[in-house]
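Chemist: Please find one structure pasted underneath; my questions will follow.
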Amino acid sequence: MGYLKTTTIRGNDYNFPIYLPDATRAVARSLDSEDLKKSKIEGVVVNTYHLMSEPGTPILETVGGVKKFMNWDGLVVSDSGGFQVFSLIYQDPKFGKISDAEVTFYKSSKGEKRKYHFTPERSIQVQFVLGSDIIICLDDVPSVNAKEDQVRLSVKRTIEWAKRCKEEFAKQLQSRKMDHKNRPLLLAVIQGGDFLHLREECAQELIKIGFDAFGYGGFPMDEQGNFRTETLKFVAGLMPDDKPKFALGVGTPQDIVEGFKMGYNIFDCVLPTRDARHQRLSVLSKDPKTLDVLHEPVFNYLNMNREKFVKDSGPISEYCDCFTCQNYSRAYLHHLFKIEEFTAGRLASIHNLRTYTKIIELLRATLA
RNA sequence: GGGACCGUAGCGCAGUUGGUUAGCGCGUCUCCCUGUCACGGAGAAGGUCGCGGGUUCGAGUCCCGUCGGUCCCG
């Protein structure tokens with residue numbers, strides 16, 4: 001037993017750990033697929049909920065799936081949409097309602113109101129249309145302040161739905177004539193909040209059903225904003241070591257290092273791209289050649305909206321080899337942000353993502 | 001030489017018939033963002049209202065003077 005260093009999906013090999021930015025609506029905001037490659041990104045996470053409402057499954061089917069749609073030949077993981085649906089509905093019931101059978105949600109955009117029926121089966125079907133490499137089971141994501149009783153129900157529902165997802169997954173494989181060589185992986189999410197016995201129960205049941213990979217579900221941060229170290233570590237320990245462990249929604253570069261130490265293989269997070277658009281840049285704490293990634297703080301934040309950068313002709317980070325740092329100055333980026341030019345978010349995102357992939361490279365090097 | 005308008009926070013401006021600790025936008029400075037309804041959110045600092053008189057219980061607001069600026073007519 002040990003850390004899973006690689007996996008093969010549909011004939012392609014992927015190295016672990018891996019960080020995947022969120023391309024929720026089939027685009028990592030402000031970036032195109034070439035930009036992602038510039039940042040050495042190897043895969044993305046798209047979102048079933050968002051893509052089934054826009055552009056919708058008929059169009060995705062016509063264009064031949066997400067990879068062709070966004071001209072991306074890297075790894076594609078599709079999130080089930082559970083996180084969105086539940087966080088919206090728990091936040092305000094006007095967004096929809098939840099029953100054991102299905103989730104009904106109302107989406108209004110540009111004055112148009114539409115009603116969707118979302119089931120575990122439907123989520124899987126749509127994910128096959130998306131053509132993703134890793135399909136995630138629809139799960140029940142309890143709200144941050146949920147009491148134990150509510151969390152227990154969410155675990156129960158998550159298990160039930162995972163079962164239904166697996167059945168639908170098998171049907172899809174059969175009707176699409178997919179075998180173990182060209183089929184996607186099916187990942188189940190372990191819920192249970194901070195109640196470790198519920199996490200344990202959830203993991204055991206899901207393992208019993210049998211999945212290709214497992215994910216940590218829920219919010220990786222507690223209400224005080226602290227990384228849920230204890231829970232994350234415990235949940236990683238519940239997962240089989242020979243299958244990919246996905247820490248959903250994690251995290252800062254430092255969180256990813258911590259997650260890696262716990263045994264997680266896959267990470268996705270909106271932070272680097274959202275931060276970039278909000279002028280918060282991640283920079284390596286020191287020269288990666290001398291950085292002890294496992295034992296030293298790996299990064300610092302740099303806010304580009306500072307007057308002091310007006311005349312700063314240096315790169316964002318002297319240790320960074322990204323497209324932005326090789327070609328543009330802090331002064332230029334500061335200027336672009338000041339005039340609210342979209343290119344600012346793009347160049348900043350390219351940099352932040354490269355910081356993430358650089359840390360990933362350092363983590364991989366520790367496995368060799 | 002005559003006339004009009006304007007001087008209020010670093011910048012651009014509001015300030016109603018004079019009424020408690022003078023507002024707004026931008027900027028500045030903090031802080032926040034973790035399976036993206038997120039090209040955003042929260043907060044703070046900063047002004048003896050050009051200057052000097054006067055009227056009034058009370059003046060950024062009214063009156064006189066003065067300095068500075070913009071424009072128009074000679």
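Identifiers for the structure tokens are assigned positionally: chains receive A, B, ... in sequence, residues are indexed from 1 per chain, and ligands are indexed from 1 in the order shown.
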If the cut-off is 10 Å, can you tell me the residues of chain A near chain B, counting only C-alpha atoms (C1' of nucleotides)? I'd like them as a PyMOL selection string.

Modeler: chain A and resi 22-25+28-30+45-47+50+78-84+88+107-109+136+189+215-221+225+227+246-252+255+267-275+277-278+280+306-307+340-342+344-345

Chemist: Nearest to A:Tyr301: which of A:Ser39, A:Asn226, A:Thr6, A:Ser282 is it, counting only C-alpha atoms?

Modeler: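 Once distances to A:Tyr301 are computed over only C-alpha atoms, the minimum belongs to A:Ser282.
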
Chemist: Provide the atom CA of A:Ile350 to atom CA of A:Cys322 distance in Å, to one decimal place.

Modeler: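 Rounded to one decimal, the two atoms are 7.1 Å apart.
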
Chemist: Just list as an MDAnalysis selection string whatever in stretch 102-351 of chain A DSSP marks as strand (DSSP E or B).

Modeler: chainID A and resid 103:109 112:118 134:136 185:190 213:216 221 227 245:247 266:269 280:284 299:303

Chemist: Would you write out those residues with C-alpha atoms, as a CSV table (one decimal), in the first residue's frame?

Modeler:
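Output file selection.csv is given in full below:
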```csv
chain,number,residue,atom,x,y,z
A,103,VAL,CA,-34.3,17.2,-7.0
A,104,THR,CA,-36.5,19.8,-8.6
A,105,PHE,CA,-34.9,23.1,-9.2
A,106,TYR,CA,-35.9,26.3,-10.8
A,107,LYS,CA,-33.5,28.3,-12.8
A,108,SER,CA,-34.2,31.7,-14.0
A,109,SER,CA,-31.9,33.5,-16.4
A,112,GLU,CA,-36.8,33.2,-18.4
A,113,LYS,CA,-37.9,30.8,-15.7
A,114,ARG,CA,-37.3,27.1,-16.2
A,115,LYS,CA,-38.0,24.0,-14.1
A,116,TYR,CA,-35.6,21.0,-14.1
A,117,HIS,CA,-36.1,17.6,-12.7
A,118,PHE,CA,-32.8,16.2,-11.6
A,134,ILE,CA,-14.5,10.6,-14.5
A,135,ILE,CA,-18.2,10.7,-13.7
A,136,ILE,CA,-19.3,11.8,-10.3
A,185,LEU,CA,-14.5,6.0,-14.2
A,186,LEU,CA,-17.3,6.3,-11.7
A,187,LEU,CA,-16.6,8.2,-8.5
A,188,ALA,CA,-18.7,8.2,-5.4
A,189,VAL,CA,-18.6,11.0,-2.9
A,190,ILE,CA,-18.3,10.4,0.8
A,213,ALA,CA,-12.7,6.3,-7.3
A,214,PHE,CA,-13.8,8.2,-4.2
A,215,GLY,CA,-14.2,11.8,-3.2
A,216,TYR,CA,-14.3,13.9,-0.1
A,221,MET,CA,-13.4,24.8,5.2
A,227,PHE,CA,-9.2,23.8,6.7
A,245,LYS,CA,-8.8,9.8,-4.0
A,246,PHE,CA,-10.4,13.2,-4.9
A,247,ALA,CA,-10.5,16.1,-2.5
A,266,ILE,CA,-6.9,14.7,-7.3
A,267,PHE,CA,-7.8,18.3,-6.4
A,268,ASP,CA,-10.0,20.9,-8.0
A,269,CYS,CA,-10.6,24.4,-6.9
A,280,ARG,CA,-5.0,38.0,-5.7
A,281,LEU,CA,-2.0,36.2,-7.1
A,282,SER,CA,-0.3,33.2,-5.6
A,283,VAL,CA,3.5,33.3,-5.7
A,284,LEU,CA,5.9,30.6,-4.6
A,299,PHE,CA,3.3,30.2,-1.3
A,300,ASN,CA,2.3,33.7,-0.5
A,301,TYR,CA,-0.5,35.9,-1.7
A,302,LEU,CA,0.2,39.1,-3.7
A,303,ASN,CA,-2.5,41.7,-4.2
```

Chemist: When you count only C-alpha atoms, which of these residues is closest to A:Ala26: A:Arg10, A:Arg164, A:Lys38, A:Lys67?

Modeler: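 Smallest separation from A:Ala26 among the options: A:Lys67.
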
Chemist: To one decimal place, how far is atom C1' of B:G15 from atom C1' of B:G43 in Å?

Modeler: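 Spanning atom C1' of B:G15 to atom C1' of B:G43 is a straight-line distance of 25.7 Å.
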
Chemist: I'd like the neighbourhood of stretch 2-5 of chain A as number ranges by chain, where a residue qualifies if any of its atoms comes within 10 Å (using only C-alpha atoms (C1' of nucleotides)), though same-chain residues fewer than 6 positions away should be ignored.

Modeler: A: 14-18, 241-245, 260-265, 364, 367-368

Chemist: Write out as a PDB file with all heavy atoms, in the first residue's frame each polymer residue whose atoms come within 6 Å of stretch 8-10 of chain B, counting only C-alpha atoms (C1' of nucleotides); drop sequence neighbours fewer than 2 positions from it.

Modeler:
```pdb
ATOM      1  P     G B  46      -9.027  60.114   9.678  1.00  0.00           P
ATOM      2  OP1   G B  46      -8.171  60.798  10.661  1.00  0.00           O
ATOM      3  OP2   G B  46     -10.470  59.935   9.942  1.00  0.00           O
ATOM      4  O5'   G B  46      -8.853  60.838   8.270  1.00  0.00           O
ATOM      5  C5'   G B  46      -7.553  61.100   7.755  1.00  0.00           C
ATOM      6  C4'   G B  46      -7.669  61.535   6.328  1.00  0.00           C
ATOM      7  O4'   G B  46      -8.286  60.489   5.546  1.00  0.00           O
ATOM      8  C3'   G B  46      -8.577  62.744   6.105  1.00  0.00           C
ATOM      9  O3'   G B  46      -7.861  63.945   6.314  1.00  0.00           O
ATOM     10  C2'   G B  46      -8.995  62.571   4.646  1.00  0.00           C
ATOM     11  O2'   G B  46      -8.007  63.049   3.770  1.00  0.00           O
ATOM     12  C1'   G B  46      -9.091  61.052   4.530  1.00  0.00           C
ATOM     13  N9    G B  46     -10.465  60.569   4.706  1.00  0.00           N
ATOM     14  C8    G B  46     -11.102  60.264   5.883  1.00  0.00           C
ATOM     15  N7    G B  46     -12.333  59.849   5.712  1.00  0.00           N
ATOM     16  C5    G B  46     -12.512  59.887   4.336  1.00  0.00           C
ATOM     17  C6    G B  46     -13.643  59.561   3.557  1.00  0.00           C
ATOM     18  O6    G B  46     -14.749  59.150   3.930  1.00  0.00           O
ATOM     19  N1    G B  46     -13.397  59.756   2.194  1.00  0.00           N
ATOM     20  C2    G B  46     -12.216  60.195   1.667  1.00  0.00           C
ATOM     21  N2    G B  46     -12.180  60.308   0.336  1.00  0.00           N
ATOM     22  N3    G B  46     -11.147  60.500   2.385  1.00  0.00           N
ATOM     23  C4    G B  46     -11.372  60.327   3.695  1.00  0.00           C
ATOM     24  P     G B  47      -8.454  65.022   7.390  1.00  0.00           P
ATOM     25  OP1   G B  47      -7.310  65.824   7.837  1.00  0.00           O
ATOM     26  OP2   G B  47      -9.299  64.271   8.345  1.00  0.00           O
ATOM     27  O5'   G B  47      -9.398  65.957   6.534  1.00  0.00           O
ATOM     28  C5'   G B  47      -8.941  66.518   5.302  1.00  0.00           C
ATOM     29  C4'   G B  47      -9.914  67.552   4.833  1.00  0.00           C
ATOM     30  O4'   G B  47     -11.149  66.910   4.471  1.00  0.00           O
ATOM     31  C3'   G B  47     -10.337  68.592   5.876  1.00  0.00           C
ATOM     32  O3'   G B  47      -9.403  69.660   5.900  1.00  0.00           O
ATOM     33  C2'   G B  47     -11.693  69.054   5.352  1.00  0.00           C
ATOM     34  O2'   G B  47     -11.551  70.152   4.455  1.00  0.00           O
ATOM     35  C1'   G B  47     -12.188  67.854   4.561  1.00  0.00           C
ATOM     36  N9    G B  47     -13.374  67.183   5.089  1.00  0.00           N
ATOM     37  C8    G B  47     -13.644  66.756   6.353  1.00  0.00           C
ATOM     38  N7    G B  47     -14.815  66.163   6.466  1.00  0.00           N
ATOM     39  C5    G B  47     -15.335  66.210   5.171  1.00  0.00           C
ATOM     40  C6    G B  47     -16.569  65.735   4.650  1.00  0.00           C
ATOM     41  O6    G B  47     -17.470  65.155   5.233  1.00  0.00           O
ATOM     42  N1    G B  47     -16.691  66.000   3.280  1.00  0.00           N
ATOM     43  C2    G B  47     -15.745  66.628   2.522  1.00  0.00           C
ATOM     44  N2    G B  47     -16.033  66.794   1.232  1.00  0.00           N
ATOM     45  N3    G B  47     -14.584  67.072   2.992  1.00  0.00           N
ATOM     46  C4    G B  47     -14.468  66.840   4.313  1.00  0.00           C
ATOM     47  P     C B  49     -13.818  75.062   6.732  1.00  0.00           P
ATOM     48  OP1   C B  49     -13.048  76.289   6.935  1.00  0.00           O
ATOM     49  OP2   C B  49     -15.257  75.053   6.934  1.00  0.00           O
ATOM     50  O5'   C B  49     -13.522  74.475   5.259  1.00  0.00           O
ATOM     51  C5'   C B  49     -13.397  75.355   4.159  1.00  0.00           C
ATOM     52  C4'   C B  49     -14.059  74.735   2.958  1.00  0.00           C
ATOM     53  O4'   C B  49     -14.908  73.645   3.339  1.00  0.00           O
ATOM     54  C3'   C B  49     -14.895  75.732   2.181  1.00  0.00           C
ATOM     55  O3'   C B  49     -14.530  75.677   0.817  1.00  0.00           O
ATOM     56  C2'   C B  49     -16.335  75.289   2.434  1.00  0.00           C
ATOM     57  O2'   C B  49     -17.123  75.432   1.296  1.00  0.00           O
ATOM     58  C1'   C B  49     -16.180  73.801   2.759  1.00  0.00           C
ATOM     59  N1    C B  49     -17.189  73.284   3.693  1.00  0.00           N
ATOM     60  C2    C B  49     -18.360  72.743   3.139  1.00  0.00           C
ATOM     61  O2    C B  49     -18.499  72.758   1.913  1.00  0.00           O
ATOM     62  N3    C B  49     -19.294  72.250   3.969  1.00  0.00           N
ATOM     63  C4    C B  49     -19.090  72.250   5.294  1.00  0.00           C
ATOM     64  N4    C B  49     -20.031  71.740   6.069  1.00  0.00           N
ATOM     65  C5    C B  49     -17.906  72.801   5.867  1.00  0.00           C
ATOM     66  C6    C B  49     -16.982  73.297   5.040  1.00  0.00           C
TER      67        C B  49
END
```
